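So this one's input02.txt, compact mmCIF, C-alpha atoms and all ligand atoms:
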```
# COMPACT_ATOMS: atom_id res chain seq x y z
CA MET A 234 34.05 -59.18 -0.69
CA PRO A 235 30.89 -57.79 -2.37
CA GLY A 236 31.46 -54.54 -4.29
CA PHE A 237 28.90 -52.78 -2.13
CA LEU A 238 30.85 -53.62 1.05
CA THR A 239 34.20 -52.62 -0.45
CA ARG A 240 32.69 -49.28 -1.46
CA TRP A 241 31.20 -48.78 1.97
CA LEU A 242 34.51 -49.51 3.73
CA ARG A 243 36.50 -47.30 1.36
CA HIS A 244 34.13 -44.37 1.01
CA GLY A 245 31.65 -44.65 3.87
CA PRO A 246 27.88 -45.13 3.63
CA PRO A 247 25.99 -43.75 0.63
CA ARG A 248 25.08 -40.09 1.18
CA ALA A 249 21.53 -40.58 0.06
CA THR A 250 19.01 -42.86 1.63
CA GLU A 251 16.67 -42.61 -1.36
CA ASP A 252 18.62 -45.34 -3.12
CA ARG A 253 16.61 -47.90 -1.15
CA GLU A 254 13.90 -47.32 -3.73
CA PHE A 255 15.99 -48.85 -6.48
CA GLU A 256 15.66 -52.53 -7.18
CA PRO A 257 19.00 -54.10 -6.36
CA GLY A 258 20.90 -55.28 -9.43
CA LYS A 259 18.55 -53.49 -11.83
CA LEU A 260 20.31 -50.17 -12.15
CA PRO A 261 21.91 -49.35 -15.50
CA ARG A 262 25.64 -49.87 -15.60
CA HIS A 263 26.18 -47.16 -18.19
CA VAL A 264 24.08 -43.98 -18.43
CA ALA A 265 24.49 -41.54 -21.33
CA ILE A 266 23.10 -38.00 -21.31
CA ILE A 267 22.63 -35.37 -24.02
CA MET A 268 22.95 -32.20 -21.93
CA ASP A 269 20.45 -30.15 -23.93
CA GLY A 270 18.35 -27.06 -23.33
CA ASN A 271 20.94 -24.70 -21.86
CA GLY A 272 20.17 -21.98 -24.40
CA ARG A 273 16.41 -22.17 -23.93
CA TRP A 274 16.82 -22.18 -20.15
CA ALA A 275 18.81 -18.95 -20.41
CA ARG A 276 16.44 -17.31 -22.90
CA LYS A 277 13.47 -17.98 -20.63
CA ARG A 278 15.25 -15.96 -17.98
CA GLY A 279 16.44 -13.18 -20.30
CA LEU A 280 20.05 -14.29 -19.77
CA PRO A 281 22.84 -14.83 -22.30
CA ARG A 282 23.19 -18.40 -23.60
CA VAL A 283 26.46 -18.77 -21.75
CA ALA A 284 24.60 -18.40 -18.45
CA GLY A 285 22.67 -21.53 -19.44
CA HIS A 286 25.88 -23.45 -20.06
CA ARG A 287 27.26 -22.27 -16.73
CA ALA A 288 24.12 -23.47 -14.95
CA GLY A 289 24.46 -26.72 -16.91
CA VAL A 290 27.82 -27.33 -15.27
CA GLU A 291 26.09 -27.28 -11.88
CA SER A 292 23.70 -29.98 -13.11
CA LEU A 293 26.66 -32.04 -14.22
CA ARG A 294 28.24 -31.74 -10.76
CA ASP A 295 25.01 -32.88 -9.12
CA ILE A 296 24.49 -35.80 -11.49
CA VAL A 297 28.08 -37.02 -11.12
CA ARG A 298 27.63 -37.11 -7.35
CA ALA A 299 24.30 -38.94 -7.67
CA CYS A 300 25.88 -41.52 -9.98
CA VAL A 301 28.64 -42.10 -7.44
CA ASP A 302 26.10 -42.41 -4.62
CA TRP A 303 23.88 -44.82 -6.52
CA GLY A 304 26.63 -47.04 -7.88
CA ILE A 305 26.32 -46.22 -11.59
CA ALA A 306 29.57 -47.44 -13.17
CA ILE A 307 29.81 -45.21 -16.24
CA LEU A 308 28.36 -41.80 -17.13
CA THR A 309 28.90 -40.50 -20.66
CA VAL A 310 27.85 -36.89 -21.27
CA TYR A 311 27.63 -35.03 -24.57
CA ALA A 312 29.42 -31.77 -23.82
CA PHE A 313 30.48 -30.55 -27.28
CA SER A 314 29.65 -31.99 -30.68
CA THR A 315 31.58 -31.85 -33.95
CA GLU A 316 28.77 -29.56 -35.16
CA ASN A 317 28.98 -27.16 -32.21
CA TRP A 318 31.92 -25.31 -33.85
CA LYS A 319 29.27 -23.66 -36.05
CA ARG A 320 28.06 -21.62 -33.08
CA PRO A 321 29.23 -18.00 -32.60
CA GLN A 322 32.91 -17.87 -31.70
CA GLU A 323 32.06 -16.23 -28.39
CA GLU A 324 29.89 -19.18 -27.34
CA VAL A 325 32.46 -21.76 -28.46
CA GLU A 326 35.14 -19.96 -26.47
CA ALA A 327 32.90 -19.75 -23.43
CA LEU A 328 32.20 -23.50 -23.60
CA MET A 329 35.91 -24.30 -23.85
CA ASN A 330 36.64 -21.99 -20.93
CA LEU A 331 33.91 -23.65 -18.89
CA LEU A 332 35.46 -27.03 -19.60
CA VAL A 333 38.86 -25.86 -18.37
CA GLU A 334 37.30 -24.20 -15.33
CA TYR A 335 35.23 -27.30 -14.54
CA LEU A 336 38.24 -29.61 -14.72
CA ARG A 337 40.42 -27.32 -12.61
CA ARG A 338 37.80 -26.69 -9.98
CA GLU A 339 36.35 -30.18 -9.75
CA LEU A 340 39.49 -32.30 -9.99
CA PRO A 341 40.12 -32.53 -6.20
CA GLU A 342 36.48 -33.54 -5.58
CA LEU A 343 36.45 -36.00 -8.48
CA LYS A 344 39.60 -37.60 -7.11
CA LYS A 345 38.12 -37.79 -3.62
CA GLU A 346 34.95 -39.41 -4.97
CA GLY A 347 36.90 -42.05 -6.89
CA VAL A 348 35.83 -40.76 -10.32
CA GLN A 349 37.92 -41.67 -13.33
CA VAL A 350 37.82 -38.94 -15.97
CA ARG A 351 37.90 -39.95 -19.60
CA ALA A 352 37.12 -38.19 -22.85
CA ILE A 353 35.96 -39.29 -26.29
CA GLY A 354 35.98 -37.37 -29.56
CA ARG A 355 38.53 -35.71 -31.80
CA LEU A 356 40.33 -34.26 -28.81
CA GLU A 357 43.37 -33.11 -30.78
CA ALA A 358 41.24 -30.30 -32.27
CA LEU A 359 40.36 -28.82 -28.87
CA PRO A 360 42.18 -25.65 -27.75
CA LEU A 361 45.48 -26.42 -26.03
CA PRO A 362 44.43 -25.42 -22.48
CA ALA A 363 41.44 -27.78 -22.74
CA GLN A 364 43.68 -30.60 -23.97
CA GLN A 365 46.14 -29.97 -21.15
CA GLU A 366 43.52 -29.94 -18.39
CA LEU A 367 41.94 -33.06 -19.82
CA ALA A 368 45.28 -34.83 -19.95
CA ARG A 369 45.95 -33.88 -16.34
CA ALA A 370 42.51 -34.99 -15.16
CA ARG A 371 42.83 -38.29 -17.02
CA ARG A 372 46.32 -38.90 -15.67
CA GLU A 373 45.47 -38.05 -12.07
CA THR A 374 42.25 -40.09 -11.98
CA ALA A 375 43.37 -43.07 -14.05
CA GLY A 376 43.47 -45.39 -11.03
CA ASN A 377 39.95 -44.54 -9.81
CA ASN A 378 37.20 -47.06 -10.24
CA ARG A 379 34.05 -45.85 -8.57
CA LEU A 380 32.58 -44.05 -11.59
CA ILE A 381 33.92 -43.48 -15.10
CA LEU A 382 32.98 -39.96 -16.19
CA ASN A 383 33.29 -39.99 -19.94
CA LEU A 384 33.18 -36.53 -21.52
CA ALA A 385 32.19 -36.44 -25.19
CA LEU A 386 34.08 -33.45 -26.61
CA ASN A 387 34.31 -32.52 -30.26
CA TYR A 388 32.42 -35.77 -30.55
CA GLY A 389 30.31 -36.96 -33.46
CA GLY A 390 28.93 -40.46 -33.91
CA ARG A 391 29.63 -40.41 -37.64
CA ALA A 392 33.16 -39.07 -37.13
CA GLU A 393 33.74 -41.86 -34.62
CA LEU A 394 32.70 -44.48 -37.19
CA VAL A 395 34.97 -42.88 -39.79
CA ASP A 396 37.89 -42.93 -37.32
CA ALA A 397 37.15 -46.57 -36.47
CA CYS A 398 37.17 -47.49 -40.19
CA ARG A 399 40.48 -45.70 -40.68
CA HIS A 400 41.97 -47.54 -37.72
CA ILE A 401 40.80 -50.90 -39.05
CA ALA A 402 42.04 -50.08 -42.58
CA ARG A 403 45.49 -49.34 -41.17
CA GLU A 404 45.50 -52.69 -39.34
CA VAL A 405 44.61 -54.45 -42.59
CA LEU A 406 47.32 -52.56 -44.50
CA ALA A 407 49.84 -53.51 -41.83
CA GLY A 408 48.90 -57.15 -42.31
CA LYS A 409 47.59 -57.45 -38.72
CA LEU A 410 44.01 -58.14 -39.77
CA ARG A 411 42.29 -59.83 -42.72
CA PRO A 412 39.15 -58.16 -44.17
CA GLU A 413 37.18 -61.34 -43.53
CA ASP A 414 38.06 -61.09 -39.83
CA ILE A 415 36.27 -57.76 -39.49
CA ASP A 416 33.13 -58.34 -37.50
CA GLU A 417 31.03 -56.45 -34.95
CA THR A 418 33.52 -57.16 -32.17
CA VAL A 419 36.40 -55.70 -34.20
CA LEU A 420 34.38 -52.61 -35.12
CA LYS A 421 33.20 -52.09 -31.56
CA GLY A 422 36.79 -52.39 -30.33
CA ALA A 423 37.90 -49.68 -32.75
CA LEU A 424 35.39 -47.14 -31.40
CA TYR A 425 36.44 -44.46 -28.90
CA THR A 426 34.40 -46.42 -26.34
CA GLY A 427 36.07 -49.70 -27.33
CA ASP A 428 36.59 -51.02 -23.80
CA LEU A 429 33.25 -49.85 -22.38
CA PRO A 430 29.88 -51.59 -22.43
CA ASP A 431 27.18 -49.84 -24.48
CA PRO A 432 24.92 -47.43 -22.58
CA ASP A 433 21.92 -49.09 -20.97
CA LEU A 434 20.02 -45.83 -20.66
CA LEU A 435 20.08 -42.61 -22.71
CA ILE A 436 18.61 -39.52 -21.08
CA ARG A 437 17.60 -36.59 -23.27
CA PRO A 438 16.43 -33.46 -21.46
CA SER A 439 14.63 -30.52 -23.10
CA GLY A 440 12.08 -32.67 -24.92
CA GLU A 441 13.93 -33.25 -28.19
CA MET A 442 13.32 -36.62 -29.82
CA ARG A 443 16.54 -37.16 -31.72
CA LEU A 444 19.99 -38.66 -31.23
CA SER A 445 21.92 -35.64 -32.56
CA ASN A 446 24.83 -37.77 -33.81
CA PHE A 447 25.52 -39.17 -30.33
CA LEU A 448 26.93 -42.72 -29.88
CA LEU A 449 25.23 -43.97 -33.06
CA TRP A 450 26.65 -47.49 -32.89
CA GLN A 451 26.51 -47.84 -29.11
CA LEU A 452 22.86 -46.83 -28.70
CA ALA A 453 21.49 -49.65 -30.87
CA TYR A 454 19.68 -51.33 -27.95
CA THR A 455 19.78 -48.57 -25.37
CA GLU A 456 16.63 -47.61 -23.49
CA LEU A 457 15.65 -43.99 -24.19
CA TRP A 458 14.18 -41.61 -21.64
CA VAL A 459 13.15 -38.10 -22.64
CA THR A 460 12.06 -35.28 -20.34
CA ASP A 461 10.93 -31.72 -21.03
CA VAL A 462 13.14 -30.45 -18.21
CA TYR A 463 16.02 -28.31 -19.50
CA TRP A 464 19.47 -29.57 -18.59
CA PRO A 465 20.27 -26.69 -16.17
CA ASP A 466 17.20 -27.72 -14.14
CA PHE A 467 18.02 -31.43 -14.31
CA ARG A 468 19.05 -32.66 -10.88
CA ARG A 469 19.42 -35.86 -8.86
CA GLU A 470 15.64 -36.14 -8.49
CA ASN A 471 15.20 -36.15 -12.29
CA LEU A 472 17.89 -38.79 -12.62
CA ARG A 473 16.07 -40.86 -10.03
CA GLN A 474 12.88 -40.70 -12.10
CA ALA A 475 14.82 -41.85 -15.15
CA LEU A 476 16.39 -44.74 -13.25
CA LEU A 477 13.06 -45.82 -11.79
CA ALA A 478 11.52 -45.75 -15.28
CA TYR A 479 14.44 -47.79 -16.59
CA GLN A 480 13.80 -50.46 -13.97
CA GLN A 481 10.32 -50.93 -15.39
CA ARG A 482 11.61 -51.60 -18.88
CA GLU A 483 11.91 -55.08 -20.27
CA ARG A 484 15.09 -55.40 -22.31
CA ARG A 485 14.99 -58.04 -24.99
CA PHE A 486 17.81 -57.07 -27.36
CA GLY A 487 15.75 -58.23 -30.32
CA GLY A 488 14.94 -61.58 -28.71
CA LEU A 489 11.84 -62.80 -26.91
CA LYS A 490 11.03 -62.61 -23.23
CA ILE A 491 12.15 -65.80 -21.52
C1 LIG A 501 23.26 -28.03 -25.63
O1 LIG A 501 22.35 -27.03 -25.22
C2 LIG A 501 24.44 -27.98 -24.78
C3 LIG A 501 25.70 -27.78 -25.23
C4 LIG A 501 26.03 -27.60 -26.64
C5 LIG A 501 26.83 -27.71 -24.27
C6 LIG A 501 26.73 -28.57 -23.05
C7 LIG A 501 27.72 -28.09 -22.09
C8 LIG A 501 27.57 -27.99 -20.75
C9 LIG A 501 26.41 -28.45 -20.01
C10 LIG A 501 28.61 -27.37 -19.91
C11 LIG A 501 30.01 -27.62 -20.26
C12 LIG A 501 30.46 -29.00 -20.06
C13 LIG A 501 31.49 -29.36 -19.30
C14 LIG A 501 31.97 -30.75 -19.32
C15 LIG A 501 32.16 -28.40 -18.43
P1 LIG A 501 21.95 -25.89 -26.24
O2 LIG A 501 22.86 -24.74 -26.05
O3 LIG A 501 21.95 -26.44 -27.64
O4 LIG A 501 20.52 -25.55 -25.77
P2 LIG A 501 19.30 -25.06 -26.68
O5 LIG A 501 18.96 -26.20 -27.61
O6 LIG A 501 18.23 -24.78 -25.70
O7 LIG A 501 19.78 -23.85 -27.42
```

Using structure tokens, write down the structure that the file contains.
Amino acid sequence: MPGFLTRWLRHGPPRATEDREFEPGKLPRHVAIIMDGNGRWARKRGLPRVAGHRAGVESLRDIVRACVDWGIAILTVYAFSTENWKRPQEEVEALMNLLVEYLRRELPELKKEGVQVRAIGRLEALPLPAQQELARARRETAGNNRLILNLALNYGGRAELVDACRHIAREVLAGKLRPEDIDETVLKGALYTGDLPDPDLLIRPSGEMRLSNFLLWQLAYTELWVTDVYWPDFRRENLRQALLAYQQRERRFGGLKI
């Protein structure tokens, strides 16, 4: 039975009708987002930075729903980087509390929507309540297959490559792998995202033109889409613009158009 029909029977018709605009079969499988601009959004309104992060959670809720509605398979969002610990303790604590609050509040809805929660990064360094809520969300959504929501937490692209190298080195030391067998497939498999396809589309709100240590290996051939809109203002309509722009791109992966 086609996936579309299975989804329809299991979850009912798509909520949105706008999806007719998308070219069938040309949507990205994996979308990655750098959720940036929360601080500037708050400053513009004379609010504390934390208010921007709180508003950013609402954008995340909206975008998760849109991804479910439009049949995106994987959404990876940059929620906390290995460098974000340098922020004032108050802000770090607020972000960790928001994560716990988000997971507690959204879990029933995420389960209902068929979302599988995952996380990538050095998770063992997160505060215990965050680790516990993440573990619960991952456990309780492990069987879902409508959308993988992949939260990058205490994530850094360079740290990920270091961790992958350590993992491979241990395999070599254990005699399970020969150095000459290490190739791109082995390295890819040792990344936190080892079993996921690379992102097809990277969205960067707030106008910044950099990768900020996000998915350095995985983004090698990803299409980039940047908007000046701050993340707390980024909603389903903005995602639609990004997806429509993506459909106009010609992906060649270093080859020639055939
Ligand atoms: C970058 O904006 C954003 C972050 C460091 C945090 C992103 C977190 C959220 C959207 C909410 C929490 C996430 C979950 C999963 C509950 P910035 O503060 O650097 O913005 P600025 O560049 O304008 O200062």

Please give me, as a ChimeraX atom specification, the residues lying within 8 Å of ligand LIG 501 (chain A) when counting all atoms listed in the file. /A:267-275,282,285-290,292-293,310-314,317,328-329,331-336,384,439,463-465

Shell of 7 Å around A:Pro261, all atoms listed in the file, local chain residues under 5 positions omitted, as a list of chain:residue names: A:Ile305, A:Asp433, A:Leu434

Do you have the atom CA of A:Arg379-atom CA of A:Trp450 distance handy?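 About the pair atom CA of A:Arg379 and atom CA of A:Trp450: they are 25.5 Å apart.
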
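A straight line drawn from atom CA of A:Gly422 to atom CA of A:His400 is 10.2 Å long.
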
Separation of atom CA of A:Arg403 and atom CA of A:Gly354, in Å? 19.2 Å

Out of A:Pro412, A:Lys319, A:Leu359, A:Trp303, which residue has the shortest atom-to-atom distance to A:Leu260 when counting only C-alpha atoms? A:Trp303

Near-stretch 468-478 of chain A list (10 Å; all atoms listed in the file; drop same-chain fewer than 4 positions) as JSON, numbers by chain: {"A": [251, 252, 254, 255, 256, 259, 260, 261, 264, 291, 292, 293, 294, 295, 296, 297, 298, 299, 300, 303, 434, 435, 436, 438, 456, 457, 458, 459, 460, 462, 464, 482]}

Identify which of the residues A:Leu452, A:Cys398, A:Ile415, A:Gln480 lies closest to A:Pro257, counting only C-alpha atoms when measuring atom-to-atom distances.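 Closest to A:Pro257 of all the choices is A:Gln480.
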
Judged by all atoms listed in the file, the minimum distance to A:Glu339 among A:Val419, A:Glu357, A:Arg320, A:Glu366 is found for A:Glu366

Please determine, counting all atoms listed in the file, which residue among A:Arg485, A:Lys490, A:Arg399, A:Lys345 has the shortest atom-to-atom distance to A:Gly376. A:Lys345
